[in-house]
file structure.csv (CSV, C-alpha atoms)
chain,number,residue,atom,x,y,z
A,1,MET,CA,16.6,-49.5,-8.8
A,2,VAL,CA,12.9,-48.6,-8.2
A,3,LEU,CA,13.9,-46.3,-5.3
A,4,VAL,CA,16.5,-44.6,-7.4
A,5,THR,CA,14.1,-44.0,-10.2
A,6,ALA,CA,11.4,-42.7,-7.8
A,7,ALA,CA,14.0,-40.4,-6.1
A,8,THR,CA,15.1,-39.0,-9.5
A,9,LEU,CA,11.5,-38.3,-10.6
A,10,LEU,CA,10.9,-36.6,-7.2
A,11,VAL,CA,13.9,-34.3,-7.6
A,12,ALA,CA,12.8,-33.5,-11.2
A,13,ALA,CA,9.3,-32.7,-10.0
A,14,ALA,CA,10.8,-30.4,-7.2
A,15,ALA,CA,12.9,-28.6,-9.8
A,16,SER,CA,9.8,-28.1,-11.9
A,17,LEU,CA,7.9,-26.7,-9.0
A,18,PHE,CA,10.8,-24.3,-8.2
A,19,MET,CA,10.7,-23.2,-11.9
A,20,ALA,CA,6.9,-22.8,-11.7
A,21,TRP,CA,7.2,-20.7,-8.5
A,22,SER,CA,9.8,-18.5,-10.1
A,23,ILE,CA,7.6,-17.9,-13.1
A,24,GLY,CA,4.6,-17.2,-11.0
A,25,ALA,CA,6.6,-14.7,-8.9
A,26,GLY,CA,8.5,-13.0,-11.8
A,27,SER,CA,6.5,-13.4,-15.0
A,28,SER,CA,3.0,-14.8,-15.2
A,29,GLY,CA,2.1,-13.6,-11.7
A,30,SER,CA,3.5,-10.1,-12.0
A,31,THR,CA,3.0,-8.8,-15.6
A,32,PRO,CA,-0.7,-9.2,-16.4
A,33,PHE,CA,-2.1,-6.8,-13.8
A,34,ALA,CA,0.9,-4.5,-13.7
A,35,PRO,CA,-0.7,-1.9,-16.0
A,36,ALA,CA,-3.9,-2.0,-13.9
A,37,VAL,CA,-1.9,-1.5,-10.7
A,38,GLY,CA,0.0,1.4,-12.4
A,39,ALA,CA,-3.4,3.0,-13.2
A,40,ASN,CA,-4.6,2.5,-9.6
A,41,ALA,CA,-7.4,0.2,-10.7
A,42,ILE,CA,-6.4,-2.6,-8.3
A,43,SER,CA,-4.0,-3.0,-5.3
A,44,VAL,CA,-0.7,-4.8,-5.6
A,45,MET,CA,-1.7,-7.6,-3.1
A,46,ARG,CA,-5.1,-8.1,-4.7
A,47,ALA,CA,-3.6,-8.3,-8.1
A,48,GLY,CA,-1.2,-11.0,-7.0
A,49,LEU,CA,-4.1,-13.1,-5.6
A,50,VAL,CA,-6.4,-12.8,-8.6
A,51,VAL,CA,-3.7,-13.4,-11.2
A,52,GLY,CA,-2.6,-16.6,-9.4
A,53,VAL,CA,-6.1,-18.1,-9.7
A,54,LEU,CA,-6.5,-17.1,-13.3
A,55,GLY,CA,-3.1,-18.3,-14.1
A,56,LEU,CA,-3.9,-21.7,-12.6
A,57,LEU,CA,-7.1,-22.0,-14.8
A,58,GLY,CA,-5.1,-20.9,-17.9
A,59,ALA,CA,-2.4,-23.5,-17.2
A,60,ILE,CA,-5.0,-26.3,-17.0
A,61,LEU,CA,-7.2,-25.2,-19.9
A,62,GLN,CA,-4.6,-23.9,-22.4
A,63,GLY,CA,-1.2,-25.2,-21.3
A,64,ALA,CA,-0.8,-28.3,-23.5
A,65,ASN,CA,0.6,-26.7,-26.7
A,66,VAL,CA,3.6,-24.8,-25.2
A,67,THR,CA,4.3,-27.7,-22.8
A,68,GLU,CA,4.7,-30.2,-25.6
A,69,ALA,CA,6.8,-27.8,-27.6
A,70,VAL,CA,9.2,-27.2,-24.7
A,71,GLY,CA,9.4,-30.8,-23.9
A,72,THR,CA,9.8,-32.4,-27.3
A,73,GLU,CA,10.4,-29.8,-30.1
A,74,LEU,CA,13.4,-27.8,-29.0
A,75,ILE,CA,16.0,-30.4,-29.7
A,76,GLY,CA,16.3,-33.2,-32.2
A,77,GLY,CA,17.7,-36.7,-32.0
A,78,VAL,CA,17.5,-37.2,-28.3
A,79,THR,CA,14.9,-37.3,-25.5
A,80,LEU,CA,15.6,-35.3,-22.4
A,81,THR,CA,16.5,-37.5,-19.4
A,82,ALA,CA,15.6,-36.8,-15.8
A,83,ALA,CA,19.1,-35.4,-15.1
A,84,ALA,CA,18.9,-33.2,-18.2
A,85,ALA,CA,15.5,-31.9,-17.1
A,86,ILE,CA,16.7,-31.2,-13.6
A,87,VAL,CA,19.8,-29.3,-14.8
A,88,ALA,CA,17.7,-27.2,-17.3
A,89,LEU,CA,15.0,-26.4,-14.8
A,90,VAL,CA,17.3,-25.5,-11.9
A,91,THR,CA,19.5,-23.3,-14.1
A,92,ALA,CA,16.5,-21.4,-15.5
A,93,ALA,CA,14.7,-21.1,-12.2
A,94,ALA,CA,17.8,-19.8,-10.4
A,95,LEU,CA,18.2,-17.0,-13.1
A,96,VAL,CA,14.6,-16.0,-12.9
A,97,ALA,CA,14.7,-16.0,-9.1
A,98,ILE,CA,17.7,-13.7,-9.2
A,99,GLY,CA,15.7,-11.3,-11.4
A,100,VAL,CA,12.8,-11.4,-9.0
A,101,PHE,CA,14.8,-10.4,-6.0
A,102,ALA,CA,16.8,-7.9,-8.0
A,103,GLY,CA,13.7,-6.2,-9.3
A,104,TYR,CA,14.4,-6.9,-13.0
A,105,PRO,CA,11.9,-9.0,-15.0
A,106,ILE,CA,14.0,-11.8,-16.5
A,107,ALA,CA,12.5,-13.2,-19.6
A,108,THR,CA,11.4,-16.7,-18.5
A,109,ALA,CA,11.0,-18.0,-22.0
A,110,PHE,CA,14.5,-17.0,-22.8
A,111,THR,CA,16.0,-18.7,-19.8
A,112,VAL,CA,14.1,-22.0,-20.2
A,113,THR,CA,14.6,-22.2,-23.9
A,114,GLY,CA,18.3,-21.5,-23.6
A,115,ALA,CA,18.7,-24.0,-20.8
A,116,VAL,CA,16.8,-26.8,-22.5
A,117,VAL,CA,18.7,-26.3,-25.8
A,118,GLY,CA,22.0,-26.1,-23.9
A,119,VAL,CA,21.4,-29.5,-22.1
A,120,GLY,CA,20.0,-31.0,-25.2
A,121,LEU,CA,23.1,-30.2,-27.3
A,122,ALA,CA,25.3,-31.4,-24.4
A,123,MET,CA,23.4,-34.7,-24.7
A,124,GLY,CA,24.4,-35.0,-28.3
A,125,GLY,CA,21.1,-33.7,-29.8
A,126,SER,CA,20.8,-31.7,-33.0
A,127,PRO,CA,19.4,-28.2,-33.2
A,128,ALA,CA,15.7,-27.9,-34.2
A,129,TRP,CA,16.3,-25.0,-36.6
A,130,PRO,CA,12.7,-24.7,-37.9
A,131,LYS,CA,11.3,-24.3,-34.4
A,132,TYR,CA,14.1,-21.8,-33.5
A,133,GLY,CA,13.0,-19.8,-36.5
A,134,GLU,CA,9.4,-19.6,-35.3
A,135,ILE,CA,10.6,-18.7,-31.8
A,136,MET,CA,13.1,-16.0,-32.8
A,137,THR,CA,10.6,-14.5,-35.2
A,138,LEU,CA,8.0,-14.0,-32.4
A,139,TRP,CA,10.6,-12.8,-29.9
A,140,VAL,CA,12.0,-10.2,-32.3
A,141,LEU,CA,8.6,-9.0,-33.5
A,142,THR,CA,7.0,-8.8,-30.0
A,143,PRO,CA,8.6,-5.5,-28.9
A,144,PHE,CA,7.8,-3.8,-32.2
A,145,VAL,CA,4.3,-5.2,-32.7
A,146,GLY,CA,3.2,-5.0,-29.1
A,147,GLY,CA,4.8,-1.7,-28.4
A,148,GLY,CA,3.7,-0.3,-31.8
A,149,VAL,CA,0.1,-1.3,-31.4
A,150,ALA,CA,0.0,-0.1,-27.8
A,151,TYR,CA,1.4,3.3,-28.9
A,152,GLY,CA,-1.2,3.5,-31.7
A,153,VAL,CA,-4.2,2.6,-29.6
A,154,ALA,CA,-3.1,4.9,-26.8
A,155,ARG,CA,-2.7,7.8,-29.2
A,156,LEU,CA,-6.2,7.2,-30.5
A,157,LEU,CA,-7.7,7.0,-27.0
A,158,ILE,CA,-6.0,10.1,-25.6
A,159,GLY,CA,-6.4,12.1,-28.8
A,160,ASP,CA,-9.3,14.2,-30.0
A,161,ALA,CA,-9.6,12.8,-33.6
A,162,LEU,CA,-12.0,10.1,-32.5
A,163,SER,CA,-14.7,9.9,-29.8
A,164,GLU,CA,-13.4,7.8,-26.9
A,165,ARG,CA,-16.7,6.0,-26.1
A,166,PRO,CA,-17.3,4.3,-29.5
A,167,LEU,CA,-13.5,3.7,-30.0
A,168,THR,CA,-13.3,1.9,-26.7
A,169,ALA,CA,-16.4,-0.2,-27.5
A,170,VAL,CA,-14.8,-1.2,-30.9
A,171,LEU,CA,-11.6,-2.2,-29.1
A,172,ALA,CA,-13.6,-4.3,-26.7
A,173,GLY,CA,-15.3,-5.9,-29.7
A,174,VAL,CA,-11.9,-6.9,-31.1
A,175,VAL,CA,-11.0,-8.5,-27.8
A,176,GLY,CA,-14.3,-10.4,-27.9
A,177,ALA,CA,-13.6,-11.6,-31.4
A,178,ILE,CA,-10.2,-12.9,-30.3
A,179,LEU,CA,-11.6,-14.5,-27.2
A,180,ALA,CA,-14.3,-16.3,-29.3
A,181,ASN,CA,-11.6,-18.1,-31.2
A,182,VAL,CA,-9.4,-19.0,-28.3
A,183,GLY,CA,-9.0,-22.8,-27.9
A,184,PHE,CA,-10.0,-24.4,-24.6
A,185,ALA,CA,-9.3,-28.0,-23.5
A,186,LEU,CA,-12.8,-28.4,-22.0
A,187,LEU,CA,-14.6,-27.6,-25.3
A,188,GLY,CA,-12.6,-30.0,-27.5
A,189,PRO,CA,-12.4,-33.8,-27.7
A,190,ALA,CA,-9.9,-35.7,-25.6
A,191,GLY,CA,-6.4,-34.3,-26.2
A,192,GLU,CA,-7.6,-31.4,-28.3
A,193,GLN,CA,-8.9,-27.9,-27.8
A,194,ALA,CA,-11.9,-26.1,-29.4
A,195,SER,CA,-13.1,-22.5,-29.4
A,196,VAL,CA,-16.4,-21.0,-28.4
A,197,ALA,CA,-17.0,-19.9,-32.0
A,198,ALA,CA,-16.3,-23.4,-33.3
A,199,VAL,CA,-18.6,-25.1,-30.8
A,200,LEU,CA,-21.5,-22.6,-31.2
A,201,GLY,CA,-21.0,-22.6,-35.0
A,202,SER,CA,-21.3,-26.4,-35.2
A,203,GLY,CA,-24.2,-26.5,-32.7
A,204,LEU,CA,-26.2,-23.9,-34.7
A,205,GLY,CA,-25.3,-25.5,-38.0
A,206,ILE,CA,-23.8,-22.3,-39.4
A,207,GLY,CA,-20.2,-23.3,-39.7
A,208,GLY,CA,-17.3,-25.1,-38.2
A,209,ALA,CA,-14.1,-23.9,-36.6
A,210,GLY,CA,-14.0,-20.2,-36.0
A,211,SER,CA,-17.4,-19.5,-37.5
A,212,PRO,CA,-17.3,-15.9,-38.7
A,213,ALA,CA,-21.0,-15.3,-37.9
A,214,VAL,CA,-20.5,-16.4,-34.3
A,215,THR,CA,-17.3,-14.4,-34.0
A,216,LEU,CA,-19.1,-11.2,-35.2
A,217,ALA,CA,-22.1,-11.8,-33.0
A,218,ILE,CA,-19.9,-12.2,-29.9
A,219,ALA,CA,-17.8,-9.1,-30.9
A,220,ALA,CA,-21.0,-7.1,-31.3
A,221,LEU,CA,-22.4,-8.1,-27.9
A,222,VAL,CA,-19.2,-7.2,-26.2
A,223,SER,CA,-19.0,-3.8,-28.0
A,224,VAL,CA,-22.6,-2.9,-27.1
A,225,ALA,CA,-22.1,-3.9,-23.5
A,226,VAL,CA,-19.0,-1.8,-23.1
A,227,TYR,CA,-20.6,1.1,-25.0
A,228,VAL,CA,-23.6,1.1,-22.7
A,229,ASP,CA,-21.4,0.8,-19.6
A,230,LEU,CA,-19.3,3.8,-20.7
A,231,GLY,CA,-22.5,5.8,-21.1
A,232,ARG,CA,-23.6,5.1,-17.5
A,233,ASP,CA,-20.2,5.5,-15.7
A,234,ARG,CA,-17.2,6.4,-17.8
A,235,ALA,CA,-14.6,6.1,-15.1
A,236,GLY,CA,-16.1,2.9,-13.6
A,237,ALA,CA,-16.4,1.3,-17.1
A,238,GLN,CA,-12.8,2.1,-17.9
A,239,ARG,CA,-11.7,0.4,-14.7
A,240,ARG,CA,-13.9,-2.7,-15.3
A,241,PHE,CA,-12.6,-3.0,-18.9
A,242,LEU,CA,-9.0,-2.6,-17.7
A,243,LEU,CA,-9.5,-5.3,-15.0
A,244,ALA,CA,-11.2,-7.6,-17.5
A,245,MET,CA,-8.2,-7.2,-19.8
A,246,GLY,CA,-5.8,-7.9,-17.0
A,247,GLY,CA,-7.8,-11.1,-16.2
A,248,LEU,CA,-7.6,-12.3,-19.8
A,249,VAL,CA,-3.9,-11.6,-19.9
A,250,ALA,CA,-3.4,-13.4,-16.6
A,251,PHE,CA,-5.3,-16.4,-18.0
A,252,SER,CA,-3.2,-16.4,-21.2
A,253,ALA,CA,0.0,-16.1,-19.1
A,254,GLY,CA,-0.9,-19.4,-17.3
A,255,GLY,CA,-1.6,-21.1,-20.6
A,256,SER,CA,1.7,-20.0,-22.0
A,257,GLN,CA,4.1,-20.0,-19.0
A,258,VAL,CA,3.2,-23.4,-17.4
A,259,GLY,CA,4.9,-25.1,-20.3
A,260,LEU,CA,8.2,-23.5,-19.4
A,261,ALA,CA,8.0,-25.2,-16.0
A,262,ILE,CA,6.7,-28.6,-16.8
A,263,GLY,CA,7.7,-29.0,-20.5
A,264,PRO,CA,11.1,-30.7,-19.7
A,265,LEU,CA,9.2,-33.3,-17.5
A,266,VAL,CA,6.9,-34.5,-20.4
A,267,PRO,CA,9.4,-37.1,-21.9
A,268,ILE,CA,10.3,-38.7,-18.5
A,269,PHE,CA,6.9,-38.6,-16.8
A,270,SER,CA,5.0,-39.9,-19.9
A,271,ASP,CA,7.2,-43.0,-19.7
A,272,VAL,CA,5.9,-43.8,-16.3
A,273,GLY,CA,2.3,-43.2,-17.2
A,274,VAL,CA,1.7,-39.7,-15.7
A,275,PRO,CA,-0.9,-37.9,-17.9
A,276,LEU,CA,-0.2,-34.5,-19.2
A,277,TRP,CA,-3.2,-33.0,-17.4
A,278,ALA,CA,-1.7,-34.0,-14.1
A,279,LEU,CA,1.5,-32.2,-14.9
A,280,LEU,CA,-0.5,-29.1,-16.0
A,281,VAL,CA,-2.3,-29.1,-12.6
A,282,GLY,CA,1.0,-29.4,-10.7
A,283,GLY,CA,2.6,-26.7,-12.8
A,284,GLY,CA,-0.5,-24.4,-12.3
A,285,VAL,CA,-0.3,-24.9,-8.6
A,286,GLY,CA,3.3,-23.8,-8.7
A,287,LEU,CA,2.4,-20.7,-10.7
A,288,LEU,CA,-0.3,-20.0,-8.1
A,289,ALA,CA,2.1,-20.2,-5.2
A,290,GLY,CA,4.6,-18.0,-6.9
A,291,SER,CA,1.9,-15.4,-7.7
A,292,TRP,CA,0.7,-15.3,-4.1
A,293,THR,CA,4.1,-15.2,-2.4
A,294,GLY,CA,6.5,-13.5,-4.7
A,295,ALA,CA,4.6,-11.5,-7.4
A,296,PRO,CA,3.8,-8.3,-5.5
A,297,ARG,CA,7.4,-7.2,-5.6
A,298,MET,CA,7.6,-7.5,-9.4
A,299,ILE,CA,4.2,-6.0,-9.9
A,300,LYS,CA,5.3,-2.9,-8.1
A,301,ALA,CA,8.5,-2.7,-10.1
A,302,ILE,CA,6.8,-3.2,-13.5
A,303,SER,CA,3.9,-0.9,-12.8
A,304,GLN,CA,6.0,2.0,-11.5
A,305,ASP,CA,9.5,1.8,-12.9
A,306,TYR,CA,9.0,1.7,-16.7
A,307,ALA,CA,6.3,4.3,-17.4
A,308,SER,CA,3.5,6.4,-15.9
A,309,MET,CA,0.2,4.7,-16.8
A,310,GLY,CA,-3.4,5.9,-16.7
A,311,PRO,CA,-6.4,3.7,-17.5
A,312,ARG,CA,-6.5,4.4,-21.2
A,313,ARG,CA,-2.8,3.8,-21.7
A,314,SER,CA,-3.0,0.6,-19.5
A,315,ILE,CA,-5.9,-0.7,-21.7
A,316,SER,CA,-3.8,0.1,-24.8
A,317,ALA,CA,-0.9,-2.0,-23.3
A,318,LEU,CA,-3.1,-5.0,-22.4
A,319,ILE,CA,-4.9,-5.4,-25.7
A,320,PRO,CA,-1.9,-6.3,-27.9
A,321,SER,CA,-0.4,-8.3,-24.9
A,322,PHE,CA,-3.5,-10.5,-24.9
A,323,ALA,CA,-3.4,-10.9,-28.7
A,324,ILE,CA,0.3,-11.8,-28.8
A,325,ALA,CA,0.0,-14.2,-25.9
A,326,GLN,CA,-2.8,-16.1,-27.5
A,327,THR,CA,-0.9,-16.3,-30.8
A,328,ALA,CA,2.0,-17.9,-29.0
A,329,VAL,CA,-0.3,-20.4,-27.2
A,330,ALA,CA,-2.0,-21.3,-30.5
A,331,PHE,CA,1.3,-22.0,-32.2
A,332,GLY,CA,3.0,-23.6,-29.2
A,333,ILE,CA,5.8,-21.1,-29.0
A,334,PRO,CA,7.4,-20.3,-25.7
A,335,VAL,CA,7.2,-16.5,-25.2
A,336,SER,CA,8.2,-14.2,-22.4
A,337,PHE,CA,5.4,-12.3,-20.7
A,338,ASN,CA,7.9,-9.8,-19.4
A,339,GLU,CA,8.9,-9.0,-22.9
A,340,ILE,CA,5.3,-8.7,-24.0
A,341,ILE,CA,4.1,-6.5,-21.1
A,342,VAL,CA,7.2,-4.3,-20.7
A,343,SER,CA,7.2,-3.5,-24.5
A,344,ALA,CA,3.5,-2.7,-24.5
A,345,ILE,CA,3.8,-0.5,-21.4
A,346,VAL,CA,6.7,1.4,-22.9
A,347,GLY,CA,4.8,1.9,-26.2
A,348,ALA,CA,1.7,3.1,-24.5
A,349,GLY,CA,3.8,5.4,-22.2
A,350,TYR,CA,5.4,7.1,-25.2
A,351,ALA,CA,2.0,7.9,-26.6
A,352,ALA,CA,1.8,10.7,-24.1
A,353,GLY,CA,5.2,12.1,-24.8
A,354,ASP,CA,7.8,10.8,-22.4
A,355,ALA,CA,5.2,9.8,-19.8
A,356,GLY,CA,7.8,8.8,-17.4
A,357,VAL,CA,9.4,6.1,-19.5
A,358,SER,CA,12.6,5.0,-17.9
A,359,ARG,CA,15.2,4.6,-20.6
A,360,ARG,CA,17.8,3.5,-18.1
A,361,LYS,CA,15.5,0.8,-16.7
A,362,MET,CA,14.5,-0.3,-20.2
A,363,GLY,CA,18.2,-0.6,-21.3
A,364,TYR,CA,19.1,-2.7,-18.3
A,365,THR,CA,16.0,-4.9,-18.9
A,366,VAL,CA,17.0,-5.6,-22.5
A,367,LEU,CA,20.5,-6.5,-21.4
A,368,ALA,CA,19.0,-8.8,-18.8
A,369,TRP,CA,16.9,-10.5,-21.5
A,370,ILE,CA,19.8,-11.1,-23.8
A,371,GLY,CA,22.0,-12.2,-20.9
A,372,SER,CA,19.5,-14.6,-19.6
A,373,LEU,CA,19.3,-16.4,-22.9
A,374,VAL,CA,23.0,-16.6,-23.4
A,375,GLY,CA,23.7,-17.4,-19.7
A,376,ALA,CA,21.0,-20.1,-19.5
A,377,PHE,CA,22.4,-21.8,-22.6
A,378,THR,CA,26.0,-21.6,-21.5
A,379,LEU,CA,25.2,-22.8,-17.9
A,380,GLY,CA,22.9,-25.6,-19.1
A,381,PHE,CA,25.4,-26.9,-21.6
A,382,SER,CA,28.3,-26.6,-19.1
A,383,LEU,CA,26.5,-28.0,-16.1
A,384,TYR,CA,25.1,-31.0,-17.9
A,385,SER,CA,28.5,-31.7,-19.5
A,386,ALA,CA,30.0,-31.7,-16.0
A,387,VAL,CA,27.4,-33.9,-14.5
A,388,ASP,CA,27.6,-36.3,-17.4
A,389,PHE,CA,31.4,-36.4,-17.0
A,390,VAL,CA,31.2,-37.1,-13.3
A,391,VAL,CA,28.6,-39.8,-13.7

call {"tool": "encode", "arguments": {"input": "structure.csv", "output": "structure tokens"}}
result
Amino acid sequence: MVLVTAATLLVAAAASLFMAWSIGAGSSGSTPFAPAVGANAISVMRAGLVVGVLGLLGAILQGANVTEAVGTELIGGVTLTAAAAIVALVTAAALVAIGVFAGYPIATAFTVTGAVVGVGLAMGGSPAWPKYGEIMTLWVLTPFVGGGVAYGVARLLIGDALSERPLTAVLAGVVGAILANVGFALLGPAGEQASVAAVLGSGLGIGGAGSPAVTLAIAALVSVAVYVDLGRDRAGAQRRFLLAMGGLVAFSAGGSQVGLAIGPLVPIFSDVGVPLWALLVGGGVGLLAGSWTGAPRMIKAISQDYASMGPRRSISALIPSFAIAQTAVAFGIPVSFNEIIVSAIVGAGYAAGDAGVSRRKMGYTVLAWIGSLVGAFTLGFSLYSAVDFVV
């Protein structure tokens, strides 16, 4: 009996690693630096290497919220078994892998959520409607908010109404303010996260969580640093800001996407005493492997096939992507980085007219997103029902 249990857990862990590799190759590993690659700020291979390391750090430091949501909040009345987790993960990973090799960015959050809900309902569980409402709200708003903000920021940066240097510095300050309030596992007590603003605010005695004074101070420092850098070397400063934004999005991707790979394992591995941090490390390593081995193909596809990107439009795409990603992490909502980045790239691309936006590619991508959700749900429900019937 012990050997059977150990073998089952081993298969479940292998399925999770396969899912993590697929995500690293097709979502968290390919999307964060795609705008930077499109703007010729970094090479495809170097982007894959850097995003893998940053994704691993994000998985460890920020991955708990989404992981717990995927593992325990998508279905009610039942707890996912090892067999259910294996079916859900293999189903979702296979669909994502198909997208990687076909060159179309499949929405990983759609596939995992659909597969987990499918197997959960096949087990006799009840729908978690409130959580579905949160998820669908973010999924529906993401293209409009991300694409709209990217379009607006790009129009300001490439237009003549405002001076580019102070505007870029202000945008950098907004990013600094968001970063100051991002939760990190290392800064909080055991099992919790805390932000830099909260820690510094408490330490200085000027306020608790999200101290406005600390947030404004960090935003001002970042703005001044970018403003001075732009004055010394405009092109170089743009490139550095763009790469910094790519790094922040890569880190956020790790924190968001690792939960899609290891979330289904939480109920079964917690019963045998495996801590969540160990699962986060394992999932992060899987993301790293996917980024290093499979991401370059998708980076090239996203950076070249959806729109022509320069440094300013790329920065415009990454700022809302970072904000949306951190919102999803904070609320524990599984979100697709492919949806976030592709929408932002298209929005920023349209800011310069057509800018090479491929309507045909975008149309096929949206169909792939919808198909992945429906297909993952259908396959997850059907496969688990078949396995359960045979067993």

call {"tool": "closest_atom_pairs", "arguments": {"input": "structure.csv", "of": "segment 307-378 of chain A", "to": "segment 49-72 of chain A", "cutoff": "9 Å", "atoms": "all atoms listed in the file", "output": "Markdown table"}}
result
| residue | atom | partner | partner_atom | distance |
| --- | --- | --- | --- | --- |
| A:Ala328 | CA | A:Val66 | CA | 8.0 |
| A:Val329 | CA | A:Val66 | CA | 6.2 |
| A:Ala330 | CA | A:Asn65 | CA | 7.1 |
| A:Phe331 | CA | A:Asn65 | CA | 7.3 |
| A:Gly332 | CA | A:Val66 | CA | 4.2 |
| A:Ile333 | CA | A:Val66 | CA | 5.7 |
| A:Pro334 | CA | A:Val66 | CA | 5.9 |

call {"tool": "residues_near_point", "arguments": {"input": "structure.csv", "point": "(12.9, -12.3, -21.1)", "cutoff": "8 Å", "atoms": "only C-alpha atoms", "output": "NGL selection string"}}
result
:A and (105-111 or 336-339 or 366 or 368-370 or 372-373)

call {"tool": "residues_around", "arguments": {"input": "structure.csv", "residues": "Ala88 of chain A", "least_positions_apart": "2", "cutoff": "7 Å", "atoms": "all atoms listed in the file", "output": "ChimeraX atom specification"}}
result
/A:84-86,90-92,112,115-116,119,380

call {"tool": "residues_around", "arguments": {"input": "structure.csv", "residues": "Ala219 of chain A", "least_positions_apart": "4", "cutoff": "8 Å", "atoms": "only C-alpha atoms", "output": "list in words"}}
result
Ala172, Gly173, Val174, Val175, Gly176, Ala177, Thr215 and Ser223 of chain A

call {"tool": "residues_around", "arguments": {"input": "structure.csv", "residues": "Ile315 of chain A", "least_positions_apart": "4", "cutoff": "8 Å", "atoms": "only C-alpha atoms", "output": "PyMOL selection string"}}
result
chain A and resi 35+241-242+245+311+319

call {"tool": "write_last_selection", "arguments": {"input": "structure.csv", "atoms": "C-alpha atoms", "output": "PDB file, in the frame of the given file"}}
result
ATOM      1  CA  PRO A  35      -0.700  -1.900 -16.000  1.00  0.00           C
ATOM      2  CA  PHE A 241     -12.600  -3.000 -18.900  1.00  0.00           C
ATOM      3  CA  LEU A 242      -9.000  -2.600 -17.700  1.00  0.00           C
ATOM      4  CA  MET A 245      -8.200  -7.200 -19.800  1.00  0.00           C
ATOM      5  CA  PRO A 311      -6.400   3.700 -17.500  1.00  0.00           C
ATOM      6  CA  ILE A 319      -4.900  -5.400 -25.700  1.00  0.00           C
TER       7      ILE A 319
END

call {"tool": "atom_distance", "arguments": {"input": "structure.csv", "atom1": "atom CA of Ala351 of chain A", "atom2": "atom CA of Arg155 of chain A"}}
result
5.4 Å

call {"tool": "atom_distance", "arguments": {"input": "structure.csv", "atom1": "atom CA of Trp292 of chain A", "atom2": "atom CA of Leu260 of chain A"}}
result
18.9 Å

call {"tool": "decode", "arguments": {"input": "structure.csv", "residues": "segment 133-137 of chain A", "atoms": "all heavy atoms", "output": "mmCIF file, in the first residue's frame"}}
result
data_model
loop_
_atom_site.group_PDB
_atom_site.id
_atom_site.type_symbol
_atom_site.label_atom_id
_atom_site.label_comp_id
_atom_site.auth_asym_id
_atom_site.auth_seq_id
_atom_site.Cartn_x
_atom_site.Cartn_y
_atom_site.Cartn_z
ATOM 1 N N GLY A 133 -16.735 34.028 -10.503
ATOM 2 C CA GLY A 133 -17.064 35.417 -10.820
ATOM 3 C C GLY A 133 -15.832 36.308 -10.796
ATOM 4 O O GLY A 133 -15.642 37.154 -11.685
ATOM 5 N N GLU A 134 -14.974 36.128 -9.765
ATOM 6 C CA GLU A 134 -13.736 36.899 -9.693
ATOM 7 C C GLU A 134 -12.845 36.618 -10.896
ATOM 8 O O GLU A 134 -12.290 37.539 -11.512
ATOM 9 C CB GLU A 134 -12.977 36.552 -8.406
ATOM 10 C CG GLU A 134 -13.654 36.991 -7.120
ATOM 11 C CD GLU A 134 -12.837 36.595 -5.905
ATOM 12 O OE1 GLU A 134 -11.743 36.016 -6.089
ATOM 13 O OE2 GLU A 134 -13.273 36.865 -4.775
ATOM 14 N N ILE A 135 -12.704 35.332 -11.203
ATOM 15 C CA ILE A 135 -11.819 34.932 -12.294
ATOM 16 C C ILE A 135 -12.305 35.476 -13.631
ATOM 17 O O ILE A 135 -11.542 36.073 -14.401
ATOM 18 C CB ILE A 135 -11.714 33.395 -12.355
ATOM 19 C CG1 ILE A 135 -10.987 32.865 -11.115
ATOM 20 C CG2 ILE A 135 -10.979 32.946 -13.622
ATOM 21 C CD1 ILE A 135 -11.016 31.356 -10.985
ATOM 22 N N MET A 136 -13.585 35.295 -13.915
ATOM 23 C CA MET A 136 -14.114 35.736 -15.203
ATOM 24 C C MET A 136 -14.068 37.246 -15.340
ATOM 25 O O MET A 136 -13.833 37.779 -16.442
ATOM 26 C CB MET A 136 -15.547 35.224 -15.383
ATOM 27 C CG MET A 136 -15.663 33.720 -15.560
ATOM 28 S SD MET A 136 -14.663 33.082 -16.934
ATOM 29 C CE MET A 136 -15.390 33.945 -18.327
ATOM 30 N N THR A 137 -14.281 37.957 -14.234
ATOM 31 C CA THR A 137 -14.207 39.420 -14.286
ATOM 32 C C THR A 137 -12.820 39.873 -14.716
ATOM 33 O O THR A 137 -12.671 40.733 -15.596
ATOM 34 C CB THR A 137 -14.545 40.024 -12.913
ATOM 35 O OG1 THR A 137 -15.895 39.683 -12.560
ATOM 36 C CG2 THR A 137 -14.402 41.537 -12.938
#
